[in-house]
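Structure file protein-v8.tsv with TSV, C-alpha atoms:
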```
chain	number	residue	atom	x	y	z
A	203	MET	CA	99.56	95.35	95.62
A	204	LYS	CA	102.49	97.46	96.79
A	205	ASP	CA	101.98	99.52	99.96
A	206	LYS	CA	101.53	103.25	99.51
A	207	ILE	CA	103.85	105.01	101.96
A	208	VAL	CA	103.82	108.77	102.52
A	209	LEU	CA	106.02	111.11	104.54
A	210	VAL	CA	104.42	114.45	105.42
A	211	THR	CA	106.62	117.19	106.85
A	212	GLY	CA	105.01	119.29	109.56
A	213	ALA	CA	102.60	116.40	110.18
A	214	ASN	CA	102.32	116.83	113.94
A	215	LYS	CA	99.77	119.67	113.77
A	216	GLY	CA	97.66	121.89	111.56
A	217	ILE	CA	97.38	121.27	107.83
A	218	GLY	CA	100.12	118.63	107.88
A	219	PHE	CA	98.26	116.63	110.53
A	220	GLY	CA	95.09	116.88	108.44
A	221	ILE	CA	96.92	115.69	105.32
A	222	VAL	CA	98.57	112.73	107.05
A	223	LYS	CA	95.31	111.75	108.78
A	224	HIS	CA	93.31	111.87	105.55
A	225	LEU	CA	95.91	109.88	103.64
A	226	GLY	CA	96.14	107.37	106.48
A	227	ILE	CA	92.38	106.89	106.63
A	228	SER	CA	92.47	106.48	102.83
A	229	GLY	CA	94.81	103.49	103.12
A	230	TRP	CA	98.28	105.03	103.01
A	231	LYS	CA	100.90	104.01	105.56
A	232	VAL	CA	102.22	107.24	107.02
A	233	ILE	CA	105.42	108.69	108.39
A	234	VAL	CA	105.21	111.83	110.51
A	235	GLY	CA	107.85	114.45	109.77
A	236	ALA	CA	108.27	116.83	112.72
A	237	ARG	CA	110.75	119.01	114.62
A	238	ASP	CA	109.55	118.10	118.11
A	239	GLY	CA	109.50	114.53	119.44
A	240	GLN	CA	106.76	115.09	122.01
A	241	ARG	CA	104.46	116.66	119.44
A	242	ALA	CA	105.24	113.87	116.99
A	243	GLU	CA	104.39	111.19	119.57
A	244	LYS	CA	101.16	112.98	120.49
A	245	ALA	CA	100.16	113.16	116.82
A	246	ILE	CA	101.01	109.48	116.33
A	247	GLY	CA	98.76	108.55	119.26
A	248	GLU	CA	95.88	110.53	117.77
A	249	LEU	CA	96.46	109.04	114.32
A	250	GLU	CA	96.55	105.49	115.64
A	251	LYS	CA	93.29	106.10	117.56
A	252	ALA	CA	91.77	107.12	114.21
A	253	GLY	CA	92.90	103.82	112.69
A	254	VAL	CA	95.89	105.17	110.74
A	255	ASP	CA	98.84	102.83	110.13
A	256	VAL	CA	101.78	104.96	111.37
A	257	LEU	CA	105.23	103.59	110.50
A	258	GLY	CA	107.02	106.09	112.71
A	259	TRP	CA	108.35	109.61	112.73
A	260	VAL	CA	111.46	111.39	111.49
A	261	ASN	CA	113.01	114.53	112.97
A	262	ILE	CA	113.07	117.08	110.17
A	263	GLU	CA	114.08	120.72	110.69
A	264	LEU	CA	113.86	122.39	107.28
A	265	LYS	CA	115.86	125.44	108.47
A	266	ASP	CA	118.92	123.22	109.02
A	267	LEU	CA	120.64	121.72	105.95
A	268	GLU	CA	122.68	119.27	108.07
A	269	ASN	CA	119.48	118.01	109.70
A	270	ILE	CA	117.89	117.62	106.26
A	271	GLY	CA	120.84	115.45	105.15
A	272	ARG	CA	120.58	113.26	108.27
A	273	ALA	CA	116.80	113.01	107.88
A	274	ALA	CA	117.06	112.00	104.22
A	275	LYS	CA	119.60	109.30	105.10
A	276	GLU	CA	117.36	108.00	107.89
A	277	ILE	CA	114.32	107.98	105.60
A	278	GLY	CA	116.27	106.05	102.96
A	279	GLU	CA	117.43	103.46	105.49
A	280	ARG	CA	114.18	103.04	107.47
A	281	PHE	CA	111.63	103.56	104.72
A	282	PRO	CA	113.14	102.46	101.38
A	283	GLU	CA	109.69	101.99	99.82
A	284	LEU	CA	108.61	105.62	100.31
A	285	SER	CA	106.21	106.52	97.49
A	286	LEU	CA	105.21	110.10	98.27
A	287	LEU	CA	106.78	113.09	100.00
A	288	VAL	CA	104.46	115.94	100.96
A	289	ASN	CA	106.50	119.02	101.81
A	290	ASN	CA	104.10	120.85	104.07
A	291	ALA	CA	106.30	122.15	106.90
A	292	GLY	CA	106.53	125.85	107.45
A	293	ILE	CA	106.94	128.40	110.17
A	294	PRO	CA	104.38	131.14	110.72
A	295	GLY	CA	106.74	133.98	111.57
A	296	ASP	CA	105.62	136.50	114.19
A	297	MET	CA	101.84	136.40	113.89
A	298	SER	CA	101.44	139.25	116.38
A	299	VAL	CA	102.81	141.70	113.80
A	300	ASP	CA	101.03	142.55	110.56
A	301	SER	CA	102.97	141.92	107.35
A	302	GLU	CA	103.75	145.56	106.57
A	303	ASN	CA	105.59	145.85	109.91
A	304	THR	CA	107.33	142.48	109.84
A	305	GLU	CA	111.14	142.54	109.81
A	306	ILE	CA	112.59	141.39	106.47
A	307	ASP	CA	114.72	138.72	108.23
A	308	ILE	CA	111.53	137.18	109.68
A	309	ILE	CA	109.94	137.18	106.21
A	310	ARG	CA	113.07	135.60	104.72
A	311	GLU	CA	113.13	132.84	107.36
A	312	THR	CA	109.39	132.25	106.97
A	313	LEU	CA	109.81	131.80	103.21
A	314	ASP	CA	113.04	129.78	103.39
A	315	VAL	CA	111.47	126.84	105.19
A	316	PRO	CA	108.73	125.95	102.68
A	317	TYR	CA	110.85	126.73	99.62
A	318	LYS	CA	114.57	126.23	100.28
A	319	GLY	CA	114.08	123.64	103.01
A	320	ALA	CA	111.58	121.66	100.95
A	321	ALA	CA	113.80	121.82	97.85
A	322	ALA	CA	116.82	120.64	99.85
A	323	LEU	CA	114.84	117.72	101.32
A	324	ASP	CA	113.55	116.82	97.86
A	325	GLN	CA	117.09	116.84	96.42
A	326	GLN	CA	118.44	114.74	99.29
A	327	GLU	CA	115.56	112.27	98.95
A	328	ARG	CA	116.12	111.88	95.20
A	329	ARG	CA	119.83	111.19	95.81
A	330	THR	CA	119.01	108.71	98.58
A	331	HIS	CA	116.41	106.98	96.43
A	332	SER	CA	118.86	106.55	93.55
A	333	GLN	CA	121.45	105.09	95.94
A	334	HIS	CA	118.88	102.56	97.14
A	335	HIS	CA	117.81	101.73	93.54
A	336	ARG	CA	114.28	102.95	93.96
A	337	THR	CA	112.16	105.47	92.22
A	338	PHE	CA	110.76	108.52	93.85
A	339	ARG	CA	107.41	108.88	92.15
A	340	ASP	CA	105.86	112.10	93.36
A	341	GLN	CA	106.36	115.23	95.37
A	342	SER	CA	104.02	117.96	96.45
A	343	LEU	CA	104.75	121.46	97.71
A	344	LEU	CA	102.35	123.60	99.72
A	345	ALA	CA	102.83	127.34	99.33
A	346	PRO	CA	103.14	129.48	102.45
A	347	VAL	CA	100.49	131.87	103.66
A	348	SER	CA	100.66	135.05	101.63
A	349	LEU	CA	102.54	137.93	103.18
A	350	CYS	CA	100.18	140.44	101.59
A	351	GLY	CA	97.71	142.16	103.89
A	352	LYS	CA	97.12	141.51	107.57
A	353	GLN	CA	97.50	138.02	108.94
A	354	SER	CA	95.92	136.83	112.12
A	355	ARG	CA	96.12	133.51	113.89
A	356	THR	CA	92.79	132.25	115.19
A	357	GLU	CA	92.02	129.21	117.30
A	358	ARG	CA	89.45	126.90	115.74
A	359	ASN	CA	86.86	124.73	117.48
A	360	ASP	CA	89.09	121.64	117.28
A	361	GLY	CA	92.01	123.37	119.03
A	362	SER	CA	94.07	123.76	115.84
A	363	TYR	CA	94.96	127.11	114.35
A	364	GLY	CA	93.97	128.73	111.09
A	365	TYR	CA	95.32	131.82	109.41
A	366	ARG	CA	93.31	134.65	107.93
A	367	VAL	CA	95.03	136.73	105.29
```

Give the structure from this file in structure tokens form.
Amino acid sequence: MKDKIVLVTGANKGIGFGIVKHLGISGWKVIVGARDGQRAEKAIGELEKAGVDVLGWVNIELKDLENIGRAAKEIGERFPELSLLVNNAGIPGDMSVDSENTEIDIIRETLDVPYKGAAALDQQERRTHSQHHRTFRDQSLLAPVSLCGKQSRTERNDGSYGYRV
């Protein structure tokens, strides 16, 4: 049977970490997509302690189109058998300000990462896959936290953060 290999963006913490951990425990080989090397390495250590088969990590900054191109090339070269891309990465914006008082540029940047950044990564990955004669079978997008109403960031018992809308 062919290995199931998944790349999850934003996999070093929060929802992305939960997704990659669950998939890893379920038998997937995982690749951590992250912006920060130290956080990625910390997440990898925790995943490996949980018995997850981690193939490595890739630096992905979904605000930076040049970085997305480099990341897609690296993914194609290092992980040609990638079967699933989970576009989870996002940025929370300024959580100390409620949505009705948030600057429009902050809202735009907050929305650009999960939509434009994820779409750009998906396009680059599809191009890379076709160059390596492989098929990209699936893709999943996670929508950002709604900008309607007040948002607040709360620390949970496990040290991760959740968002109330």

Using the file's own x, y and z axes, what box holds all listed atoms of segment 207-211 of chain A with 3 Å on each side, keeping edges along x, y and z, and what are its centre and edge lengths in Å to one decimal, as JSON?
```
{"center_x": 105.2, "center_y": 111.1, "center_z": 104.4, "size_x": 8.8, "size_y": 18.2, "size_z": 10.9}
```

Exercise. Could you pull the residues within 7 Å of segment 234-244 of chain A, counting only C-alpha atoms, minus those fewer than 4 positions along the same chain, as JSON, numbers by chain?
Worked result: {"A": [209, 210, 211, 212, 213, 214, 248, 258, 259, 260, 261, 262, 263]}

Problem set entry | Residue contacts of Lys206 of chain A (8 Å, all atoms listed in the file) excluding same-chain residues fewer than 5 positions away, as a PyMOL selection string | chain A and resi 229-231+284-286

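Minimum atom-to-atom distance to Lys275 of chain A, evaluated using all atoms listed in the file, belongs to A:Glu327 out of A:Glu327, A:Asp205, A:Glu250, A:Asp314.
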
Problem set entry | Interatomic distance, atom CA of Leu225 of chain A to atom CA of Ile207 of chain A (Å, one decimal) | 9.5 Å

Exercise. How many Å lie between atom CA of Lys223 of chain A and atom CA of Val254 of chain A, rounded to one decimal?
Worked result: 6.9 Å

Using the partial input, fill out segment 241-265 of chain A with N, CA, C and O atoms; write the result as an mmCIF file, keeping the file's coordinate frame.
```
data_model
loop_
_atom_site.group_PDB
_atom_site.id
_atom_site.type_symbol
_atom_site.label_atom_id
_atom_site.label_comp_id
_atom_site.auth_asym_id
_atom_site.auth_seq_id
_atom_site.Cartn_x
_atom_site.Cartn_y
_atom_site.Cartn_z
ATOM 1 N N ARG A 241 105.596 116.368 120.324
ATOM 2 C CA ARG A 241 104.460 116.660 119.440
ATOM 3 C C ARG A 241 104.246 115.542 118.435
ATOM 4 O O ARG A 241 103.116 115.197 118.107
ATOM 5 N N ALA A 242 105.348 114.985 117.937
ATOM 6 C CA ALA A 242 105.240 113.870 116.990
ATOM 7 C C ALA A 242 104.557 112.679 117.647
ATOM 8 O O ALA A 242 103.648 112.063 117.066
ATOM 9 N N GLU A 243 104.982 112.342 118.859
ATOM 10 C CA GLU A 243 104.390 111.190 119.570
ATOM 11 C C GLU A 243 102.918 111.427 119.877
ATOM 12 O O GLU A 243 102.102 110.500 119.778
ATOM 13 N N LYS A 244 102.567 112.657 120.236
ATOM 14 C CA LYS A 244 101.160 112.980 120.490
ATOM 15 C C LYS A 244 100.339 112.790 119.212
ATOM 16 O O LYS A 244 99.260 112.199 119.235
ATOM 17 N N ALA A 245 100.861 113.299 118.107
ATOM 18 C CA ALA A 245 100.160 113.160 116.820
ATOM 19 C C ALA A 245 100.013 111.685 116.450
ATOM 20 O O ALA A 245 98.945 111.259 115.986
ATOM 21 N N ILE A 246 101.062 110.906 116.655
ATOM 22 C CA ILE A 246 101.010 109.480 116.330
ATOM 23 C C ILE A 246 99.919 108.789 117.142
ATOM 24 O O ILE A 246 99.147 107.988 116.602
ATOM 25 N N GLY A 247 99.818 109.129 118.429
ATOM 26 C CA GLY A 247 98.760 108.550 119.260
ATOM 27 C C GLY A 247 97.372 108.867 118.718
ATOM 28 O O GLY A 247 96.503 107.990 118.640
ATOM 29 N N GLU A 248 97.173 110.120 118.317
ATOM 30 C CA GLU A 248 95.880 110.530 117.770
ATOM 31 C C GLU A 248 95.602 109.834 116.436
ATOM 32 O O GLU A 248 94.469 109.412 116.164
ATOM 33 N N LEU A 249 96.625 109.707 115.618
ATOM 34 C CA LEU A 249 96.460 109.040 114.320
ATOM 35 C C LEU A 249 96.117 107.567 114.497
ATOM 36 O O LEU A 249 95.225 107.038 113.821
ATOM 37 N N GLU A 250 96.815 106.915 115.408
ATOM 38 C CA GLU A 250 96.550 105.490 115.640
ATOM 39 C C GLU A 250 95.142 105.279 116.196
ATOM 40 O O GLU A 250 94.477 104.312 115.818
ATOM 41 N N LYS A 251 94.668 106.186 117.056
ATOM 42 C CA LYS A 251 93.290 106.100 117.560
ATOM 43 C C LYS A 251 92.284 106.208 116.418
ATOM 44 O O LYS A 251 91.196 105.638 116.493
ATOM 45 N N ALA A 252 92.647 106.951 115.374
ATOM 46 C CA ALA A 252 91.770 107.120 114.210
ATOM 47 C C ALA A 252 91.901 105.960 113.226
ATOM 48 O O ALA A 252 91.258 105.968 112.183
ATOM 49 N N GLY A 253 92.755 104.982 113.555
ATOM 50 C CA GLY A 253 92.900 103.820 112.690
ATOM 51 C C GLY A 253 93.968 103.940 111.610
ATOM 52 O O GLY A 253 94.024 103.135 110.686
ATOM 53 N N VAL A 254 94.833 104.941 111.732
ATOM 54 C CA VAL A 254 95.890 105.170 110.740
ATOM 55 C C VAL A 254 97.079 104.267 111.047
ATOM 56 O O VAL A 254 97.473 104.111 112.204
ATOM 57 N N ASP A 255 97.654 103.675 110.009
ATOM 58 C CA ASP A 255 98.840 102.830 110.130
ATOM 59 C C ASP A 255 100.073 103.739 110.081
ATOM 60 O O ASP A 255 100.497 104.176 109.010
ATOM 61 N N VAL A 256 100.630 104.056 111.260
ATOM 62 C CA VAL A 256 101.780 104.960 111.370
ATOM 63 C C VAL A 256 103.053 104.113 111.451
ATOM 64 O O VAL A 256 103.202 103.307 112.356
ATOM 65 N N LEU A 257 103.969 104.340 110.507
ATOM 66 C CA LEU A 257 105.230 103.590 110.500
ATOM 67 C C LEU A 257 106.266 104.186 111.442
ATOM 68 O O LEU A 257 107.227 103.521 111.798
ATOM 69 N N GLY A 258 106.076 105.438 111.814
ATOM 70 C CA GLY A 258 107.020 106.090 112.710
ATOM 71 C C GLY A 258 107.096 107.571 112.430
ATOM 72 O O GLY A 258 106.259 108.127 111.726
ATOM 73 N N TRP A 259 108.147 108.187 112.985
ATOM 74 C CA TRP A 259 108.350 109.610 112.730
ATOM 75 C C TRP A 259 109.823 109.875 112.495
ATOM 76 O O TRP A 259 110.682 109.097 112.891
ATOM 77 N N VAL A 260 110.096 110.981 111.800
ATOM 78 C CA VAL A 260 111.460 111.390 111.490
ATOM 79 C C VAL A 260 111.611 112.847 111.910
ATOM 80 O O VAL A 260 110.744 113.677 111.619
ATOM 81 N N ASN A 261 112.719 113.147 112.597
ATOM 82 C CA ASN A 261 113.010 114.530 112.970
ATOM 83 C C ASN A 261 113.494 115.278 111.742
ATOM 84 O O ASN A 261 114.529 114.938 111.170
ATOM 85 N N ILE A 262 112.711 116.276 111.342
ATOM 86 C CA ILE A 262 113.070 117.080 110.170
ATOM 87 C C ILE A 262 112.942 118.550 110.556
ATOM 88 O O ILE A 262 111.872 119.015 110.928
ATOM 89 N N GLU A 263 114.048 119.273 110.448
ATOM 90 C CA GLU A 263 114.080 120.720 110.690
ATOM 91 C C GLU A 263 114.519 121.350 109.373
ATOM 92 O O GLU A 263 115.705 121.306 109.017
ATOM 93 N N LEU A 264 113.571 121.897 108.623
ATOM 94 C CA LEU A 264 113.860 122.390 107.280
ATOM 95 C C LEU A 264 114.635 123.704 107.253
ATOM 96 O O LEU A 264 114.972 124.187 106.187
ATOM 97 N N LYS A 265 114.972 124.265 108.424
ATOM 98 C CA LYS A 265 115.860 125.440 108.470
ATOM 99 C C LYS A 265 117.318 125.002 108.528
ATOM 100 O O LYS A 265 118.205 125.826 108.396
#
```
